Amino acid sequence: MEFRILGPLEVLDGETPVQIAGSKRRAVLALLLLHPNEVVRTERLIDELWGEHPPRNATAALHSHVSRLRKAVGPDLLARREWGYVLRADPDSIDLRRFEQLVAAAEPLPARERSAKLSEALALWRGPALADLAAEPSLETESARLDELRVTTLERRIDADLEAGRNAQLVGEIETLIAAHPLREHLRWQLILALYRAGRQAEALEVYRETRRVLTDELGLEPSPALKELEKAILRQDPAIASASAVPLAPASERRPPRSKRRRVVIAALALGVLGAGVGTAVALVDRTGSHRTAHATSVAATSSAATAQSAQPTSGPQRVVKRTLRPRHSGRQGHHQSRQPAARIRTKAPAKASAAAPPVRGKSKSRPTSTGTHARTKKPKIVTITDDFSGNQIDGTIWYQVYLGTGWNLSQQDGHLEFTFPPGTTPGPPYDNFGGHVGTRCKFPGDFDARVDFTLVQWPTANGILVSLWSFFQNIGWESWRRSSTQWGEQYGSYTGSATSVALDDASGTLRIVRRNGVVTTYFLHNGKWQPLTSGSSRSLATIAVGASDDNDAAGHGIPFPGKQVVVDFDNFRVRAADPICPPGAQGSG
């Protein structure tokens, strides 16, 4: 039996297609294929298939779907266990596993052989992953992760081709990819290098200038250090970039070794900052009541993943740019806590303009002509503001769910603060051998939003190994604005939105901010009364906003170890202003 998920879901018995009827039944099979030879708990499958609105007898409904699947694929392949179900399949029978094996096998090969092996892997794709199940929310995250993995592998294959000296042949392909993924700086880096090596120096510099204009005028950001280095190398006719050897995104001397992480898949070059590998894992999360929820934790970055790795580049002056791959942090299903706090409030209005609060940008603002040739009415979005000043002594369950990892630390609400306390003896726990957590909004945000939260570092020893974050989770992919204390760079603000940046400042209190406008997500911190932009990326997926604190280390000892000195962080004055939020019944924002 052969299973295909790199495209529409297909099952083949030899050369004969096996018919699997019904979207829910196909979704069950897809979820089991994503975790082959592992028992997937019944509760998790129910949660994935029906979310917060399961049928009256969800267990029986699930069992009915599985029984019909067993008839289609055979009882030997799909087995029932006391606590769930397992698909017992040879990894070679699943196209995703073959893809992952080919990508891993390509890593040590010379350039031409590496390109051929990666091309063989990419040939397994028949379209967007699980394309026929795009309407199933349970598979939205995995589909996005796999599609990101495909683009990352394309970038790696192009890197190999550049290393092998195939330059002019690549220009058209890269231009097509940039049209589909305009904010991927590595693709632009590849196009500039290919043009230069093909003898089209003026065009290469024009692509750089256009990239800089887009980043500066539209997002308020400068090009990455790698792009700046490449432009300087072209201007000085550096012989190093004229050769067939690949130019790394960051100077090799400034890269840290990648953080190792327990994962099912070995794919080199993606992660929550993504220079690591794309891997979806089933994460068991424990809420404050002790009940267990399961959730997919994935991460994405300059490429995408679920591994954790980190590399750093200093720039001139006090600012330091950090390229890093982070592990997925605590994204989870929502634990529900039903007490309502009077301090949490919601305001709703329908403004004259359709967008939520816009982020500050550098450069001139551009006015857009409005169409007067139609009388069709445009529905105005409902703008909702959800705030919490954390007064009272109980976290407001109408706004927040809670996630905890590890033991020995505490999350509490008191005196107008949401307080995270990590005393000596705080112990990491599964699944990533770390500790910490977050509170996240029960409402999700499909469009523009502007989220911010104040923080105070109440007890903050030097190099304490704690990361203080304002998160936006897109399909369980975490993008963040953060504050940390580093052994190498000292006190920092930083962020990740597809690429990572940090700025060395020693503020003991401040404000973190994440804004999405027209699909562009930008992170900020407040310094001397002014919003300072960090990074920007593109995502139009449903967003969940979260605030939290966690350790910045992993089991392999990479990152910043927790030194065992007490750390206390207070959050206050949370606000998110958003267009047309989607909220479960009873949640703040649903009215």
# chains A, B, ... in the order shown; residues from 1 in each chain; ligands from 1
>>> residues_around(residues="Met1 of chain A", least_positions_apart="5", cutoff="8 Å", atoms="only C-alpha atoms", output="compact mmCIF listing (two decimals) with N, CA and C atoms, in the first residue's frame")
# COMPACT_ATOMS: atom_id res chain seq x y z
N VAL A 11 -4.24 7.07 -2.04
CA VAL A 11 -3.85 5.76 -1.54
C VAL A 11 -3.84 4.81 -2.74
N LEU A 12 -2.74 4.07 -2.89
CA LEU A 12 -2.61 3.14 -4.01
C LEU A 12 -2.31 1.74 -3.49
N ASP A 13 -3.01 0.78 -4.04
CA ASP A 13 -2.72 -0.63 -3.79
C ASP A 13 -2.07 -1.17 -5.06
N GLY A 14 -0.74 -1.17 -5.07
CA GLY A 14 -0.04 -1.44 -6.32
C GLY A 14 -0.24 -0.26 -7.25
N VAL A 73 -8.02 0.13 3.84
CA VAL A 73 -6.56 -0.04 3.79
C VAL A 73 -6.10 -1.36 4.40
N SER A 93 6.63 3.74 2.27
CA SER A 93 5.33 3.72 1.61
C SER A 93 4.64 5.08 1.66
>>> atom_distance(atom1="atom CA of Leu235 of chain A", atom2="atom CA of Gly199 of chain A")
13.4 Å
>>> closest_residue(among="A:Gly172, A:Gly494, A:Gly84, A:Pro8", to="Trp125 of chain A", atoms="only C-alpha atoms")
A:Pro8
>>> atom_distance(atom1="atom CA of Thr456 of chain A", atom2="atom CA of Gly392 of chain A")
18.4 Å
>>> closest_residue(among="A:Glu43, A:Asp551, A:Glu155, A:Glu210", to="Thr427 of chain A", atoms="only C-alpha atoms")
A:Asp551
>>> residues_around(residues="Gly519 of chain A", least_positions_apart="3", cutoff="7 Å", atoms="only C-alpha atoms", output="compact mmCIF listing (two decimals) with N, CA and C atoms, in the first residue's frame")
# COMPACT_ATOMS: atom_id res chain seq x y z
N ARG A 516 -0.05 43.65 12.41
CA ARG A 516 -0.25 43.14 11.05
C ARG A 516 -1.09 44.14 10.27
N SER A 538 5.59 38.10 6.20
CA SER A 538 4.28 38.06 5.57
C SER A 538 3.49 36.86 6.04
N SER A 539 2.27 37.09 6.53
CA SER A 539 1.34 36.01 6.89
C SER A 539 -0.07 36.55 6.92
N ARG A 540 -0.98 35.84 6.26
CA ARG A 540 -2.39 36.20 6.29
C ARG A 540 -3.21 35.15 7.05
>>> closest_residue(among="A:Asp507, A:Asp454, A:Glu231, A:Glu113", to="Glu206 of chain A", atoms="only C-alpha atoms")
A:Glu231
>>> residues_around(residues="Ala198 of chain A", least_positions_apart="3", cutoff="6 Å", atoms="only C-alpha atoms", output="MDAnalysis selection string")
chainID A and resid 167:168 195
>>> closest_residue(among="A:Leu183, A:Val28, A:Ala131, A:Val453", to="Gly498 of chain A", atoms="only C-alpha atoms")
A:Leu183
>>> residues_around(residues="segment 543-549 of chain A", least_positions_apart="4", cutoff="8 Å", atoms="only C-alpha atoms", output="PyMOL selection string")
chain A and resi 420+436-446+451+453+466-475+569
>>> closest_residue(among="A:Gly51, A:Gly529, A:Pro91, A:Pro561", to="Glu136 of chain A", atoms="only C-alpha atoms")
A:Gly51
>>> residues_around(residues="Glu48 of chain A", least_positions_apart="4", cutoff="8 Å", atoms="only C-alpha atoms", output="number ranges by chain")
A: 44, 137-138
>>> closest_residue(among="A:Leu149, A:Leu130, A:Ala27, A:Val503", to="His65 of chain A", atoms="only C-alpha atoms")
A:Ala27
>>> atom_distance(atom1="atom CA of Asp570 of chain A", atom2="atom CA of Gly465 of chain A")
16.4 Å
>>> residues_around(residues="Gly429 of chain A", least_positions_apart="6", cutoff="9 Å", atoms="only C-alpha atoms", output="PyMOL selection string")
chain A and resi 405-407+435
>>> decode(residues="segment 51-171 of chain A", atoms="C-alpha atoms", output="PDB file, in the first residue's frame")
ATOM      1  CA  GLY A  51     -12.523  21.420  17.662  1.00  0.00           C
ATOM      2  CA  GLU A  52     -14.778  22.993  20.253  1.00  0.00           C
ATOM      3  CA  HIS A  53     -17.982  21.668  18.671  1.00  0.00           C
ATOM      4  CA  PRO A  54     -17.725  17.859  18.584  1.00  0.00           C
ATOM      5  CA  PRO A  55     -20.825  15.767  17.828  1.00  0.00           C
ATOM      6  CA  ARG A  56     -22.844  14.389  20.739  1.00  0.00           C
ATOM      7  CA  ASN A  57     -21.094  10.997  20.619  1.00  0.00           C
ATOM      8  CA  ALA A  58     -17.739  11.974  19.128  1.00  0.00           C
ATOM      9  CA  THR A  59     -15.971   8.775  20.171  1.00  0.00           C
ATOM     10  CA  ALA A  60     -18.492   6.608  18.323  1.00  0.00           C
ATOM     11  CA  ALA A  61     -18.328   8.890  15.271  1.00  0.00           C
ATOM     12  CA  LEU A  62     -14.545   8.624  15.212  1.00  0.00           C
ATOM     13  CA  HIS A  63     -14.680   4.850  15.611  1.00  0.00           C
ATOM     14  CA  SER A  64     -17.068   4.641  12.663  1.00  0.00           C
ATOM     15  CA  HIS A  65     -14.662   6.599  10.451  1.00  0.00           C
ATOM     16  CA  VAL A  66     -11.721   4.416  11.513  1.00  0.00           C
ATOM     17  CA  SER A  67     -13.685   1.192  10.932  1.00  0.00           C
ATOM     18  CA  ARG A  68     -14.421   2.230   7.357  1.00  0.00           C
ATOM     19  CA  LEU A  69     -10.765   3.197   6.864  1.00  0.00           C
ATOM     20  CA  ARG A  70      -9.682  -0.252   8.102  1.00  0.00           C
ATOM     21  CA  LYS A  71     -11.872  -1.868   5.463  1.00  0.00           C
ATOM     22  CA  ALA A  72     -10.238   0.291   2.802  1.00  0.00           C
ATOM     23  CA  VAL A  73      -6.561  -0.041   3.795  1.00  0.00           C
ATOM     24  CA  GLY A  74      -6.638  -3.321   5.713  1.00  0.00           C
ATOM     25  CA  PRO A  75      -6.855  -4.169   9.427  1.00  0.00           C
ATOM     26  CA  ASP A  76      -3.160  -5.018   9.560  1.00  0.00           C
ATOM     27  CA  LEU A  77      -2.203  -1.442   8.716  1.00  0.00           C
ATOM     28  CA  LEU A  78      -4.687   0.440  10.890  1.00  0.00           C
ATOM     29  CA  ALA A  79      -4.915  -0.871  14.446  1.00  0.00           C
ATOM     30  CA  ARG A  80      -6.917   0.197  17.480  1.00  0.00           C
ATOM     31  CA  ARG A  81      -5.322   0.628  20.884  1.00  0.00           C
ATOM     32  CA  GLU A  82      -6.944   1.183  24.256  1.00  0.00           C
ATOM     33  CA  TRP A  83      -6.174   4.905  24.120  1.00  0.00           C
ATOM     34  CA  GLY A  84      -6.128   5.604  20.377  1.00  0.00           C
ATOM     35  CA  TYR A  85      -5.191   4.417  16.892  1.00  0.00           C
ATOM     36  CA  VAL A  86      -1.947   3.665  15.049  1.00  0.00           C
ATOM     37  CA  LEU A  87      -1.166   3.413  11.340  1.00  0.00           C
ATOM     38  CA  ARG A  88       1.537   0.760  10.966  1.00  0.00           C
ATOM     39  CA  ALA A  89       3.183   1.702   7.698  1.00  0.00           C
ATOM     40  CA  ASP A  90       6.617   1.259   6.207  1.00  0.00           C
ATOM     41  CA  PRO A  91       8.137   4.774   6.011  1.00  0.00           C
ATOM     42  CA  ASP A  92       9.039   4.117   2.372  1.00  0.00           C
ATOM     43  CA  SER A  93       5.327   3.724   1.607  1.00  0.00           C
ATOM     44  CA  ILE A  94       4.643   7.399   2.488  1.00  0.00           C
ATOM     45  CA  ASP A  95       5.827  10.026   0.007  1.00  0.00           C
ATOM     46  CA  LEU A  96       6.552  12.584   2.749  1.00  0.00           C
ATOM     47  CA  ARG A  97       8.979  10.183   4.470  1.00  0.00           C
ATOM     48  CA  ARG A  98      10.717   9.435   1.152  1.00  0.00           C
ATOM     49  CA  PHE A  99      10.990  13.182   0.541  1.00  0.00           C
ATOM     50  CA  GLU A 100      12.559  13.715   3.968  1.00  0.00           C
ATOM     51  CA  GLN A 101      15.024  10.866   3.433  1.00  0.00           C
ATOM     52  CA  LEU A 102      16.122  12.256   0.066  1.00  0.00           C
ATOM     53  CA  VAL A 103      16.597  15.758   1.491  1.00  0.00           C
ATOM     54  CA  ALA A 104      18.675  14.396   4.369  1.00  0.00           C
ATOM     55  CA  ALA A 105      20.741  12.250   1.996  1.00  0.00           C
ATOM     56  CA  ALA A 106      21.503  15.288  -0.190  1.00  0.00           C
ATOM     57  CA  GLU A 107      23.149  17.291   2.589  1.00  0.00           C
ATOM     58  CA  PRO A 108      26.728  15.875   2.442  1.00  0.00           C
ATOM     59  CA  LEU A 109      26.903  15.530  -1.356  1.00  0.00           C
ATOM     60  CA  PRO A 110      28.889  17.712  -3.793  1.00  0.00           C
ATOM     61  CA  ALA A 111      26.902  20.486  -5.462  1.00  0.00           C
ATOM     62  CA  ARG A 112      25.790  18.722  -8.661  1.00  0.00           C
ATOM     63  CA  GLU A 113      24.862  15.494  -6.900  1.00  0.00           C
ATOM     64  CA  ARG A 114      23.122  17.480  -4.159  1.00  0.00           C
ATOM     65  CA  SER A 115      21.051  19.354  -6.724  1.00  0.00           C
ATOM     66  CA  ALA A 116      20.074  16.089  -8.419  1.00  0.00           C
ATOM     67  CA  LYS A 117      19.058  14.486  -5.131  1.00  0.00           C
ATOM     68  CA  LEU A 118      16.993  17.516  -4.086  1.00  0.00           C
ATOM     69  CA  SER A 119      15.356  17.598  -7.522  1.00  0.00           C
ATOM     70  CA  GLU A 120      14.440  13.945  -7.059  1.00  0.00           C
ATOM     71  CA  ALA A 121      12.839  14.846  -3.727  1.00  0.00           C
ATOM     72  CA  LEU A 122      10.921  17.787  -5.207  1.00  0.00           C
ATOM     73  CA  ALA A 123       9.618  15.586  -8.026  1.00  0.00           C
ATOM     74  CA  LEU A 124       7.492  13.752  -5.453  1.00  0.00           C
ATOM     75  CA  TRP A 125       5.266  16.823  -5.096  1.00  0.00           C
ATOM     76  CA  ARG A 126       2.032  16.853  -7.103  1.00  0.00           C
ATOM     77  CA  GLY A 127       0.729  20.213  -5.882  1.00  0.00           C
ATOM     78  CA  PRO A 128       0.081  21.867  -2.491  1.00  0.00           C
ATOM     79  CA  ALA A 129       0.254  19.371   0.373  1.00  0.00           C
ATOM     80  CA  LEU A 130      -3.126  17.766   1.186  1.00  0.00           C
ATOM     81  CA  ALA A 131      -4.675  20.128  -1.360  1.00  0.00           C
ATOM     82  CA  ASP A 132      -8.031  18.337  -1.370  1.00  0.00           C
ATOM     83  CA  LEU A 133      -8.355  18.805   2.422  1.00  0.00           C
ATOM     84  CA  ALA A 134      -7.705  22.555   2.507  1.00  0.00           C
ATOM     85  CA  ALA A 135     -11.130  23.126   4.095  1.00  0.00           C
ATOM     86  CA  GLU A 136     -10.252  20.925   7.103  1.00  0.00           C
ATOM     87  CA  PRO A 137      -8.980  23.202   9.944  1.00  0.00           C
ATOM     88  CA  SER A 138      -7.216  20.249  11.570  1.00  0.00           C
ATOM     89  CA  LEU A 139      -4.790  20.027   8.640  1.00  0.00           C
ATOM     90  CA  GLU A 140      -4.273  23.717   7.951  1.00  0.00           C
ATOM     91  CA  THR A 141      -1.114  23.924  10.063  1.00  0.00           C
ATOM     92  CA  GLU A 142       0.489  20.813   8.619  1.00  0.00           C
ATOM     93  CA  SER A 143      -0.345  21.815   5.039  1.00  0.00           C
ATOM     94  CA  ALA A 144       1.296  25.199   5.561  1.00  0.00           C
ATOM     95  CA  ARG A 145       4.342  23.608   7.181  1.00  0.00           C
ATOM     96  CA  LEU A 146       4.811  21.139   4.342  1.00  0.00           C
ATOM     97  CA  ASP A 147       4.388  23.786   1.658  1.00  0.00           C
ATOM     98  CA  GLU A 148       6.969  25.942   3.457  1.00  0.00           C
ATOM     99  CA  LEU A 149       9.280  22.927   3.519  1.00  0.00           C
ATOM    100  CA  ARG A 150       8.915  22.559  -0.239  1.00  0.00           C
ATOM    101  CA  VAL A 151       9.916  26.200  -0.876  1.00  0.00           C
ATOM    102  CA  THR A 152      12.867  25.859   1.485  1.00  0.00           C
ATOM    103  CA  THR A 153      14.035  22.763  -0.368  1.00  0.00           C
ATOM    104  CA  LEU A 154      13.732  24.662  -3.644  1.00  0.00           C
ATOM    105  CA  GLU A 155      15.991  27.352  -2.183  1.00  0.00           C
ATOM    106  CA  ARG A 156      18.514  24.717  -1.152  1.00  0.00           C
ATOM    107  CA  ARG A 157      18.465  23.176  -4.628  1.00  0.00           C
ATOM    108  CA  ILE A 158      19.084  26.612  -6.143  1.00  0.00           C
ATOM    109  CA  ASP A 159      21.983  27.105  -3.713  1.00  0.00           C
ATOM    110  CA  ALA A 160      23.469  23.847  -5.007  1.00  0.00           C
ATOM    111  CA  ASP A 161      22.989  24.928  -8.623  1.00  0.00           C
ATOM    112  CA  LEU A 162      24.684  28.273  -7.916  1.00  0.00           C
ATOM    113  CA  GLU A 163      27.554  26.414  -6.298  1.00  0.00           C
ATOM    114  CA  ALA A 164      27.796  24.228  -9.400  1.00  0.00           C
ATOM    115  CA  GLY A 165      27.988  27.299 -11.664  1.00  0.00           C
ATOM    116  CA  ARG A 166      24.503  27.137 -13.182  1.00  0.00           C
ATOM    117  CA  ASN A 167      23.764  30.854 -13.114  1.00  0.00           C
ATOM    118  CA  ALA A 168      22.054  32.170 -16.246  1.00  0.00           C
ATOM    119  CA  GLN A 169      19.713  29.156 -16.336  1.00  0.00           C
ATOM    120  CA  LEU A 170      18.396  29.993 -12.860  1.00  0.00           C
ATOM    121  CA  VAL A 171      17.335  33.605 -13.385  1.00  0.00           C
TER     122      VAL A 171
END
